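Asker: Right, I'll just put the structure down here and ask away after.
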Amino acid sequence: MNVSKTPFNGYSVKFSPFYEDRLAVATAQNFGIIGNGRVHVFSLPPTPTGALTEIISFDTADGVYDLAWSESHDSLLIAAVADGSVKLFDTNLPPPQNPLRSFQEHTREVHGVDYNPTRRDSFVTASWDDTVKLWSLDRPASIRTFKEHAYCVYSVAWNPRHADVFASASGDCTVRVWDVREPGSTMIIPGHEAEILYCDWNKYDECLIATSSVDKSIRVWDVRNYRVPIASLNGHGFAVRKVKFSPHHRNLMMSCSYDMTVCMWDFMVEDSLVGRYDHHSEFAIGVDFNVLVEGLVASTGWDQMVFVWQHGTEPRGP
Amino acid sequence: MATESSSPPNPPAAGGTPQNSATETVQPANEVKQDAAPQNPKSVFVNSEPIREDQVQNAVKFLSHPKVRDSPVFHRRNFLEKKGLTKEEIDEAFRRVPDPSPSAQPTVTNQVGQGVTTSTIQPTSVSQTPVPIITVPSSASSSMFALARSRFQWYHAVFAVSLLAASGAGTAIWVKKSMIPRLKSWIRWVVMEEKNGDGGITNIKPTLAEEAAAAAKAAAAAASDVAKASQEMMISRYEEKVNMEKFMDLMQMQVKEIRSMGSAIKHLEGRSDKIERTHLVEHGGHSGSITNLKPTYPNGHKPEIDSHSARSSLPPTSADKSAPPHPNSYMDIMAMVQRGERPPNIRDINDQPPNPNQQISNPRLAPRSKPWEGAYQAKTSSRGGFGSALNGEGGSDFGAQNNEASNQVDAQSTVPWWQKKNSRITETEYVEAKPGSTTVVQTNEQPPIQRTWVPPQPPPVAMPEAAEAIRRPKSKKEAEPVSQETSGEGFSAAEVTDELQRITKISESGGEVEEMHSGGQETNGGLLGGLKLSEIEEEPVQSY
């Protein structure tokens with residue numbers, strides 16, 4: 001319904017947890033291979049069709065692979081940058097006064113970032129240097145480093161009910177569940193035979209976690225019995241880049257893939273695929289649900305497009 | 001317990017689904033008891049399986065393999081993790097397989113182990129003399145086996161060589177000294193017999209003298225021969241020993257090289273193959289450029305790029321041979337980077353913080369509760385104290401903006417398009433059928449204001465989202481039977497009702513809700529508000 005074109009290739013899109021009409025997009029030049037990056041903050045126009053309004057944008061020296069809005073401050077966002085830095089931006093300040101902070105600790109690209117939605121005081125970053133780091137905005141350095149994965153960590157996700165638990169998905173084909181109070185991982189789920197690109201917790205059942213992998217499938221696991229997946233969703237033609245659970249419905253999930261489609265799934269139903277959108281003309285890399293508005297979803301991809309639409313309607317509009 | 005105290009927000013978080021109610025009711029009970037392991041919130045995320053002995057045995061066999069011993073420890077761990085072993089099982093397997101020991105089997109099978117080990121560690125040089133070698137280990141104690149393998153080999157080799165030399169020399173000397181003179185004397189005796197047949201005894205004496213002389217000569221010759229032979233043998237043995245040592249050194253060097261190559265290959269296979277190699281190699285439409293790329297890109301790293309390093313490993317795109325088609329410009333840029341060129345459109349940007357000590361401004365808005373948190377109070381306690389002073393401003397500003405925006409929207413509703421609820425989403429558990437668009441639109445007038453405005457209530461009070469949830473027909477069916485139970489608990493229900501009345505009074509502009517509340521919880525039929533009320537009071541009641 002609402003569309004915008006970004007100058008660089010899109011990598012991640014996130015709705016603000018404070019403003020229903022606000023979203024941020026992380027982009028990287030030259031497909032993220034080499035080049036600059038930019039974080040855009042858009043606002044939804046009042047009309048159902050038409051372009052998004054750009055509120056502000058921030059340039060970075062290297063591509064931005066992911067971003068997360070702060071859950072404690074309405075104007076702050078954290079960017080995961082490909083040069084290994086984690087940058088803090090304030091959307092209320094003009095670009096020359098940004099970024100507020102730049103944390104350079106990871107030794108390789110930072111590929112994922114997630115802000116704690118329950119305690120709202122900390123965030124974790126996932127990096128290709130095989131580590132996950134825990135940070136807080138009021139500290140100049142990371143609080144902890146979790147080093148157990150044998151390969152790149154592609155994503156991290158906080159558990160929506162347990163403030164100390166988070167999961168990480170890695171190219172070593174495992175998902176690890178961590179507790180910040182414990183020295184090491186508390187659970188290792190060998191979820192797929194190929195690299196696992198993303199993981200997300202179910203918002204209504206804190207024991208369910210979904211993983212998406214290069215093997216084109218999405219699997220939903222119950223951590224109480226993680227040997228066998230609860231559901232294995234097939235339907236994508238290529239690697240599945242992200243999978244997210246709906247914040248409003250227990251069984252609804254959304255995924256995006258290198259087959260250029262965004263799919264909606266209901267994992268409790270036999271025929272799980274409930275919707276498919278093929279509005280992108282290149283790899284679809286980022287998707288997000290709006291937490292404040294039910295049914296509102298956004299996606300972005302390497303075709304430099306950002307789409308925002310209501311699930312159930314046609315993204316490209318009439 | 002720290003873990004227990006940190007999990008109070010969890011238990012009665014009412015998502016409102018029947019499925020969650022079971023875990024929710026169990027959790028508060030367990031918080032009190034603190035012992036029910038499977039449902040304890042902490043241990044849900046921990047492996048509670050006992051150690052599986054068969055898996056540990058398989059792991060031990062795997063770790064004992066000589067090739068595996070040379071791989072880095074974390075590779076071994078990762079392999080076992082991928083096979084589905086838990087941390088405890090992996091640790092147990094590592095405990096059972098000591099690292100430097102050559103006898104991979106546990107100490108129980110010592111005799112068998114010795115036999116096996118000798119066969120595996122026999123160097124080629126001592127294969128000729130198996131007898132002394134086997135006697136060595138059998139005489140040696142098990143502590144000898146704890147020594148390094150290389151040391152054993154060296155000792156072994158030297159001992160064997162010296163033994164060989166000594167035995168060879170001894171044999172030669174013995175042969176020369178005893179066998180040949182004996183042979184000669186026997187021949188002479190035969191000859192003598194013949195001569196005796198001719199000459200008689202007189203011939204014996206000269207023959208004896210002759211014999212003695214001959215024997216002396218022979219002895220001298222033999223001695224010199226022996227000396228020469230032994231000398232030659234010593235020299236040859238020495239040379240052999242030297243050669244053997246050289247040979248062994250070379251072999252060891254080669255083995256080391258091969259091992260390092262092997263591990264490097266494994267490393268490369270693990271890294272570069274799976275990464276860009278897959279999508280580069282299998283890209284159908286650009287096979288020409290790919291075959292050029294692959295040989296020039298053996299490593300996963302690009303040291304040639306000077307300042308900005310291009311992505312030396314990109315997210316994998318395909319597990320099997322069918323790679324997704326990459327955009328043409330993507331391949332162009334990869335090719336450019338391969339050649340060491342920088343794409344021209346890159347700017348030099350200084351993205352360092354201009355003021356690293358800049359204060360982070362205070363938030364303007366209070367955090368909003370998530371839809372899955374429902375009306376749970378304890379979670380909001382941390383946020384409730386955020387300052388009601390903020391709320392007024394933020395709320396009113398946003399409300400004003402939103403009203404302006406919504407006023408610009410076309411006539412049929414005063415709500416921005418994205419707030420219209422779409423009833424097309426149907427779930428098996430969540431019935432999202434809205435009772436009617438009219439009520440939705442009507443109530444949607446209020447949400448823009450009340451969503452951003454957080455009432456400055458103490459924790460036990462539900463958030464305005466609760467009031468909104470009142471309007472949402474969530475799980476009507478469970479609300480009905482439950483509400484009849486709660487009607488019996490007059491005191492608590494009334495208390496909650498009062499508080500809800502207060503909230504809704506403030507947040508609602510109309511008095512319609514109050515009327516619904518005054519109707520009491522018994523009035524289930526017909527009134528939407530009544531149902532939601534009972535649902536709301538149901539949730540806090542569960543927490544007690």
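Chains: A, B, ... in order of the structure tokens. Residues: from 1 per chain. Ligands: from 1, in order shown.
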If you run DSSP on this backbone, which residues of segment 37-124 of chain A come out as strand (DSSP E or B), and could you give them as a PyMOL selection string?
Answerer: chain A and resi 37-43+50-51+53-60+64-69+76-81+85-90+101-104+110-115+122-124
Asker: Neighbours of Ile189 of chain A within 12 Å (only C-alpha atoms; same-chain residues fewer than 6 positions away dropped), as JSON, numbers by chain?
Answerer: {"A": [149, 167, 168, 169, 170, 172, 173, 174, 175, 176, 177, 178, 196, 199, 209, 210, 211, 219, 220, 221, 222, 223, 224, 225, 226, 227, 228, 229], "B": [45, 46, 47, 78, 80, 81, 82, 83, 84, 85, 86, 87]}
Asker: Restricting the output to C-alpha atoms, write the selected residues as a PDB file, in the first residue's frame.
Answerer:
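Saved the output as again_37.pdb:
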```
ATOM      1  CA  HIS A 149      29.244 -20.755  18.302  1.00  0.00           C
ATOM      2  CA  ALA A 167      18.405 -17.265  21.513  1.00  0.00           C
ATOM      3  CA  SER A 168      21.039 -17.017  18.808  1.00  0.00           C
ATOM      4  CA  ALA A 169      21.062 -18.533  15.333  1.00  0.00           C
ATOM      5  CA  SER A 170      24.334 -19.360  13.676  1.00  0.00           C
ATOM      6  CA  ASP A 172      27.191 -23.641  12.535  1.00  0.00           C
ATOM      7  CA  CYS A 173      23.660 -24.998  12.046  1.00  0.00           C
ATOM      8  CA  THR A 174      22.667 -24.662  15.676  1.00  0.00           C
ATOM      9  CA  VAL A 175      20.453 -22.392  17.702  1.00  0.00           C
ATOM     10  CA  ARG A 176      21.617 -21.747  21.224  1.00  0.00           C
ATOM     11  CA  VAL A 177      19.429 -20.617  24.054  1.00  0.00           C
ATOM     12  CA  TRP A 178      21.261 -18.460  26.570  1.00  0.00           C
ATOM     13  CA  ILE A 196      20.333 -21.097  10.295  1.00  0.00           C
ATOM     14  CA  CYS A 199      15.346 -17.194  14.932  1.00  0.00           C
ATOM     15  CA  ILE A 209      10.943 -20.673  18.746  1.00  0.00           C
ATOM     16  CA  ALA A 210      11.028 -20.529  14.971  1.00  0.00           C
ATOM     17  CA  THR A 211      14.122 -20.894  12.844  1.00  0.00           C
ATOM     18  CA  ARG A 219      10.927 -24.957  11.666  1.00  0.00           C
ATOM     19  CA  VAL A 220       9.077 -24.299  14.849  1.00  0.00           C
ATOM     20  CA  TRP A 221      10.561 -25.869  17.983  1.00  0.00           C
ATOM     21  CA  ASP A 222       9.378 -26.357  21.509  1.00  0.00           C
ATOM     22  CA  VAL A 223      12.360 -25.962  23.796  1.00  0.00           C
ATOM     23  CA  ARG A 224      10.926 -28.495  26.177  1.00  0.00           C
ATOM     24  CA  ASN A 225      11.260 -31.151  23.516  1.00  0.00           C
ATOM     25  CA  TYR A 226      13.668 -29.859  20.977  1.00  0.00           C
ATOM     26  CA  ARG A 227      14.650 -33.080  19.256  1.00  0.00           C
ATOM     27  CA  VAL A 228      11.747 -32.955  16.878  1.00  0.00           C
ATOM     28  CA  PRO A 229      10.264 -29.775  15.442  1.00  0.00           C
TER      29      PRO A 229
ATOM     30  CA  PHE B  45      15.352 -23.394  28.625  1.00  0.00           C
ATOM     31  CA  VAL B  46      17.823 -25.896  29.959  1.00  0.00           C
ATOM     32  CA  ASN B  47      18.455 -29.443  28.899  1.00  0.00           C
ATOM     33  CA  ASN B  78      30.586 -28.371  16.871  1.00  0.00           C
ATOM     34  CA  LEU B  80      28.980 -33.362  18.132  1.00  0.00           C
ATOM     35  CA  GLU B  81      26.577 -30.521  18.767  1.00  0.00           C
ATOM     36  CA  LYS B  82      25.245 -30.840  15.258  1.00  0.00           C
ATOM     37  CA  LYS B  83      24.694 -34.507  15.877  1.00  0.00           C
ATOM     38  CA  GLY B  84      22.390 -33.556  18.683  1.00  0.00           C
ATOM     39  CA  LEU B  85      24.476 -34.205  21.753  1.00  0.00           C
ATOM     40  CA  THR B  86      23.911 -32.067  24.768  1.00  0.00           C
ATOM     41  CA  LYS B  87      26.645 -30.137  26.478  1.00  0.00           C
TER      42      LYS B  87
END
```
Asker: I'd like the interatomic distance between atom CA of Asp249 of chain B and atom CA of Val68 of chain B, to a tenth of an Å.
Answerer: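 Atom CA of Val68 of chain B lies at a distance of 23.3 Å from atom CA of Asp249 of chain B.
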Asker: Given the choices B:Glu240, B:Glu232, B:Glu88, B:Glu193, which gets closest to chain A if the distance is worked out from only C-alpha atoms?
Answerer: B:Glu88
Asker: With only C-alpha atoms as the counted atoms, please give the residues lying no more than 12 Å from Ala166 of chain B, apart from itself and same-chain residues fewer than 4 positions off, as a list in words.
Answerer: Phe159, Ala160, Val161, Ser162, Gly170, Thr171, Ala172, Ile173, Trp174, Ser230, Gln231, Met233, Met234, Arg237 and Tyr238 of chain B
Asker: Which residues, written as a PDB file with all heavy atoms, in the first residue's frame, have at least one atom at most 9 Å from Phe245 of chain A, with only C-alpha atoms counted and residues fewer than 6 positions away on the same chain left out?
Answerer:
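Contents of part02.pdb, freshly written:
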```pdb
ATOM      1  N   ASP A 200      13.272 -16.576  15.993  1.00  0.00           N
ATOM      2  CA  ASP A 200      12.359 -15.656  16.651  1.00  0.00           C
ATOM      3  C   ASP A 200      11.489 -16.442  17.615  1.00  0.00           C
ATOM      4  O   ASP A 200      11.097 -17.577  17.318  1.00  0.00           O
ATOM      5  CB  ASP A 200      11.477 -14.931  15.621  1.00  0.00           C
ATOM      6  CG  ASP A 200      10.717 -13.763  16.233  1.00  0.00           C
ATOM      7  OD1 ASP A 200      11.271 -13.115  17.145  1.00  0.00           O
ATOM      8  OD2 ASP A 200       9.570 -13.510  15.822  1.00  0.00           O
ATOM      9  N   TRP A 201      11.166 -15.839  18.752  1.00  0.00           N
ATOM     10  CA  TRP A 201      10.326 -16.502  19.744  1.00  0.00           C
ATOM     11  C   TRP A 201       8.862 -16.193  19.484  1.00  0.00           C
ATOM     12  O   TRP A 201       8.500 -15.105  19.038  1.00  0.00           O
ATOM     13  CB  TRP A 201      10.664 -15.979  21.146  1.00  0.00           C
ATOM     14  CG  TRP A 201      12.031 -16.303  21.632  1.00  0.00           C
ATOM     15  CD1 TRP A 201      13.143 -15.533  21.527  1.00  0.00           C
ATOM     16  CD2 TRP A 201      12.437 -17.483  22.326  1.00  0.00           C
ATOM     17  NE1 TRP A 201      14.202 -16.145  22.105  1.00  0.00           N
ATOM     18  CE2 TRP A 201      13.792 -17.354  22.614  1.00  0.00           C
ATOM     19  CE3 TRP A 201      11.767 -18.626  22.751  1.00  0.00           C
ATOM     20  CZ2 TRP A 201      14.524 -18.326  23.300  1.00  0.00           C
ATOM     21  CZ3 TRP A 201      12.490 -19.595  23.435  1.00  0.00           C
ATOM     22  CH2 TRP A 201      13.845 -19.433  23.692  1.00  0.00           C
ATOM     23  N   ASN A 202       8.020 -17.163  19.867  1.00  0.00           N
ATOM     24  CA  ASN A 202       6.581 -16.925  19.805  1.00  0.00           C
ATOM     25  C   ASN A 202       6.213 -15.994  20.946  1.00  0.00           C
ATOM     26  O   ASN A 202       6.637 -16.175  22.089  1.00  0.00           O
ATOM     27  CB  ASN A 202       5.848 -18.266  19.932  1.00  0.00           C
ATOM     28  CG  ASN A 202       4.364 -18.126  19.681  1.00  0.00           C
ATOM     29  OD1 ASN A 202       3.698 -17.263  20.232  1.00  0.00           O
ATOM     30  ND2 ASN A 202       3.848 -18.970  18.820  1.00  0.00           N
ATOM     31  N   LYS A 203       5.416 -14.988  20.634  1.00  0.00           N
ATOM     32  CA  LYS A 203       5.108 -13.981  21.643  1.00  0.00           C
ATOM     33  C   LYS A 203       4.101 -14.475  22.669  1.00  0.00           C
ATOM     34  O   LYS A 203       3.984 -13.936  23.758  1.00  0.00           O
ATOM     35  CB  LYS A 203       4.540 -12.718  20.976  1.00  0.00           C
ATOM     36  CG  LYS A 203       5.347 -12.268  19.786  1.00  0.00           C
ATOM     37  CD  LYS A 203       6.685 -11.666  20.206  1.00  0.00           C
ATOM     38  CE  LYS A 203       7.473 -11.134  19.039  1.00  0.00           C
ATOM     39  NZ  LYS A 203       8.384 -12.085  18.454  1.00  0.00           N
ATOM     40  N   ILE A 209       9.996 -21.504  19.478  1.00  0.00           N
ATOM     41  CA  ILE A 209      10.943 -20.673  18.746  1.00  0.00           C
ATOM     42  C   ILE A 209      10.948 -21.138  17.296  1.00  0.00           C
ATOM     43  O   ILE A 209      10.850 -22.335  17.027  1.00  0.00           O
ATOM     44  CB  ILE A 209      12.340 -20.765  19.398  1.00  0.00           C
ATOM     45  CG1 ILE A 209      13.311 -19.851  18.684  1.00  0.00           C
ATOM     46  CG2 ILE A 209      12.877 -22.170  19.417  1.00  0.00           C
ATOM     47  CD1 ILE A 209      14.603 -19.667  19.428  1.00  0.00           C
ATOM     48  N   ALA A 210      11.017 -20.202  16.394  1.00  0.00           N
ATOM     49  CA  ALA A 210      11.028 -20.529  14.971  1.00  0.00           C
ATOM     50  C   ALA A 210      12.406 -20.248  14.408  1.00  0.00           C
ATOM     51  O   ALA A 210      13.067 -19.281  14.803  1.00  0.00           O
ATOM     52  CB  ALA A 210       9.992 -19.688  14.235  1.00  0.00           C
ATOM     53  N   ASN A 251      -0.419 -17.981  16.311  1.00  0.00           N
ATOM     54  CA  ASN A 251       0.043 -18.935  15.297  1.00  0.00           C
ATOM     55  C   ASN A 251       0.507 -18.308  14.009  1.00  0.00           C
ATOM     56  O   ASN A 251       0.925 -19.014  13.112  1.00  0.00           O
ATOM     57  CB  ASN A 251      -1.080 -19.916  14.968  1.00  0.00           C
ATOM     58  CG  ASN A 251      -1.531 -20.656  16.196  1.00  0.00           C
ATOM     59  OD1 ASN A 251      -0.773 -20.797  17.142  1.00  0.00           O
ATOM     60  ND2 ASN A 251      -2.760 -21.102  16.193  1.00  0.00           N
ATOM     61  N   LEU A 252       0.415 -17.002  13.914  1.00  0.00           N
ATOM     62  CA  LEU A 252       0.720 -16.381  12.640  1.00  0.00           C
ATOM     63  C   LEU A 252       2.200 -16.025  12.567  1.00  0.00           C
ATOM     64  O   LEU A 252       2.770 -15.511  13.525  1.00  0.00           O
ATOM     65  CB  LEU A 252      -0.131 -15.121  12.474  1.00  0.00           C
ATOM     66  CG  LEU A 252      -0.049 -14.407  11.120  1.00  0.00           C
ATOM     67  CD1 LEU A 252      -0.631 -15.291  10.040  1.00  0.00           C
ATOM     68  CD2 LEU A 252      -0.794 -13.094  11.183  1.00  0.00           C
ATOM     69  N   MET A 253       2.797 -16.327  11.415  1.00  0.00           N
ATOM     70  CA  MET A 253       4.197 -15.996  11.223  1.00  0.00           C
ATOM     71  C   MET A 253       4.374 -15.392   9.844  1.00  0.00           C
ATOM     72  O   MET A 253       3.566 -15.605   8.952  1.00  0.00           O
ATOM     73  CB  MET A 253       5.059 -17.269  11.279  1.00  0.00           C
ATOM     74  CG  MET A 253       4.920 -18.051  12.539  1.00  0.00           C
ATOM     75  SD  MET A 253       5.444 -19.741  12.292  1.00  0.00           S
ATOM     76  CE  MET A 253       7.094 -19.508  11.778  1.00  0.00           C
ATOM     77  N   MET A 254       5.467 -14.690   9.696  1.00  0.00           N
ATOM     78  CA  MET A 254       5.771 -14.077   8.406  1.00  0.00           C
ATOM     79  C   MET A 254       7.226 -14.362   8.087  1.00  0.00           C
ATOM     80  O   MET A 254       8.069 -14.360   8.979  1.00  0.00           O
ATOM     81  CB  MET A 254       5.515 -12.577   8.518  1.00  0.00           C
ATOM     82  CG  MET A 254       5.827 -11.805   7.271  1.00  0.00           C
ATOM     83  SD  MET A 254       5.011 -10.224   7.275  1.00  0.00           S
ATOM     84  CE  MET A 254       6.146  -9.317   8.265  1.00  0.00           C
ATOM     85  N   SER A 255       7.515 -14.574   6.812  1.00  0.00           N
ATOM     86  CA  SER A 255       8.895 -14.871   6.452  1.00  0.00           C
ATOM     87  C   SER A 255       9.219 -14.217   5.126  1.00  0.00           C
ATOM     88  O   SER A 255       8.329 -13.949   4.319  1.00  0.00           O
ATOM     89  CB  SER A 255       9.100 -16.383   6.328  1.00  0.00           C
ATOM     90  OG  SER A 255       8.356 -16.882   5.234  1.00  0.00           O
ATOM     91  N   PHE A 289       6.480  -7.030  11.715  1.00  0.00           N
ATOM     92  CA  PHE A 289       5.101  -6.760  12.093  1.00  0.00           C
ATOM     93  C   PHE A 289       5.074  -5.479  12.902  1.00  0.00           C
ATOM     94  O   PHE A 289       5.978  -5.224  13.700  1.00  0.00           O
ATOM     95  CB  PHE A 289       4.571  -7.868  13.013  1.00  0.00           C
ATOM     96  CG  PHE A 289       4.152  -9.126  12.325  1.00  0.00           C
ATOM     97  CD1 PHE A 289       5.001 -10.221  12.294  1.00  0.00           C
ATOM     98  CD2 PHE A 289       2.905  -9.238  11.748  1.00  0.00           C
ATOM     99  CE1 PHE A 289       4.608 -11.410  11.691  1.00  0.00           C
ATOM    100  CE2 PHE A 289       2.504 -10.416  11.134  1.00  0.00           C
ATOM    101  CZ  PHE A 289       3.359 -11.500  11.106  1.00  0.00           C
TER     102      PHE A 289
END
```
Asker: For a quick test of understanding: name the residues of chain A lying within 6 Å of chain B when counting only C-alpha atoms, and present them as a list in words.
Answerer: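 The complete set of qualifying residues is Ile33, Ile34, Gly35, Pro46, Pro48, Thr60, Ala61, His73, Asp74, Pro99, Leu100, Arg101, Thr186, Met187, Pro190, Tyr204, Val214, Asp215, Arg224 and Ala239 of chain A.
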Asker: Can I get the selected residues back with C-alpha atoms, as a PDB file, in the first residue's frame?
Answerer:
```pdb
ATOM      1  CA  ILE A  33      29.409  -6.185  -0.338  1.00  0.00           C
ATOM      2  CA  ILE A  34      31.339  -2.973   0.006  1.00  0.00           C
ATOM      3  CA  GLY A  35      30.226   0.574   0.401  1.00  0.00           C
ATOM      4  CA  PRO A  46      -2.312   9.396   6.181  1.00  0.00           C
ATOM      5  CA  PRO A  48      -3.404   4.384   2.105  1.00  0.00           C
ATOM      6  CA  THR A  60      27.422   5.350   7.863  1.00  0.00           C
ATOM      7  CA  ALA A  61      30.783   4.459   6.413  1.00  0.00           C
ATOM      8  CA  HIS A  73      13.633   5.754  24.629  1.00  0.00           C
ATOM      9  CA  ASP A  74      11.270   6.640  21.860  1.00  0.00           C
ATOM     10  CA  PRO A  99      25.603   9.094  16.128  1.00  0.00           C
ATOM     11  CA  LEU A 100      25.551   9.485  19.878  1.00  0.00           C
ATOM     12  CA  ARG A 101      27.709   6.434  20.427  1.00  0.00           C
ATOM     13  CA  THR A 186      21.717 -23.490  28.393  1.00  0.00           C
ATOM     14  CA  MET A 187      20.484 -25.343  25.344  1.00  0.00           C
ATOM     15  CA  PRO A 190      20.730 -28.580  16.101  1.00  0.00           C
ATOM     16  CA  TYR A 204       2.300 -15.961  23.209  1.00  0.00           C
ATOM     17  CA  VAL A 214      19.364 -21.932   4.008  1.00  0.00           C
ATOM     18  CA  ASP A 215      17.639 -25.263   3.452  1.00  0.00           C
ATOM     19  CA  ARG A 224      10.926 -28.495  26.177  1.00  0.00           C
ATOM     20  CA  ALA A 239      16.977 -19.709   1.542  1.00  0.00           C
TER      21      ALA A 239
END
```
Asker: So, with only C-alpha atoms as the atoms that count, which of A:Asp129, A:Glu282, A:Asp59, A:Glu193 lies closest to Phe89 of chain A?
Answerer: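 Selected residue with least distance to Phe89 of chain A: A:Asp59.
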Asker: So, counting only C-alpha atoms, which residue among A:Ser212, A:Pro94, A:Arg144, A:Tyr154 is closest to Pro183 of chain A?
Answerer: A:Arg144
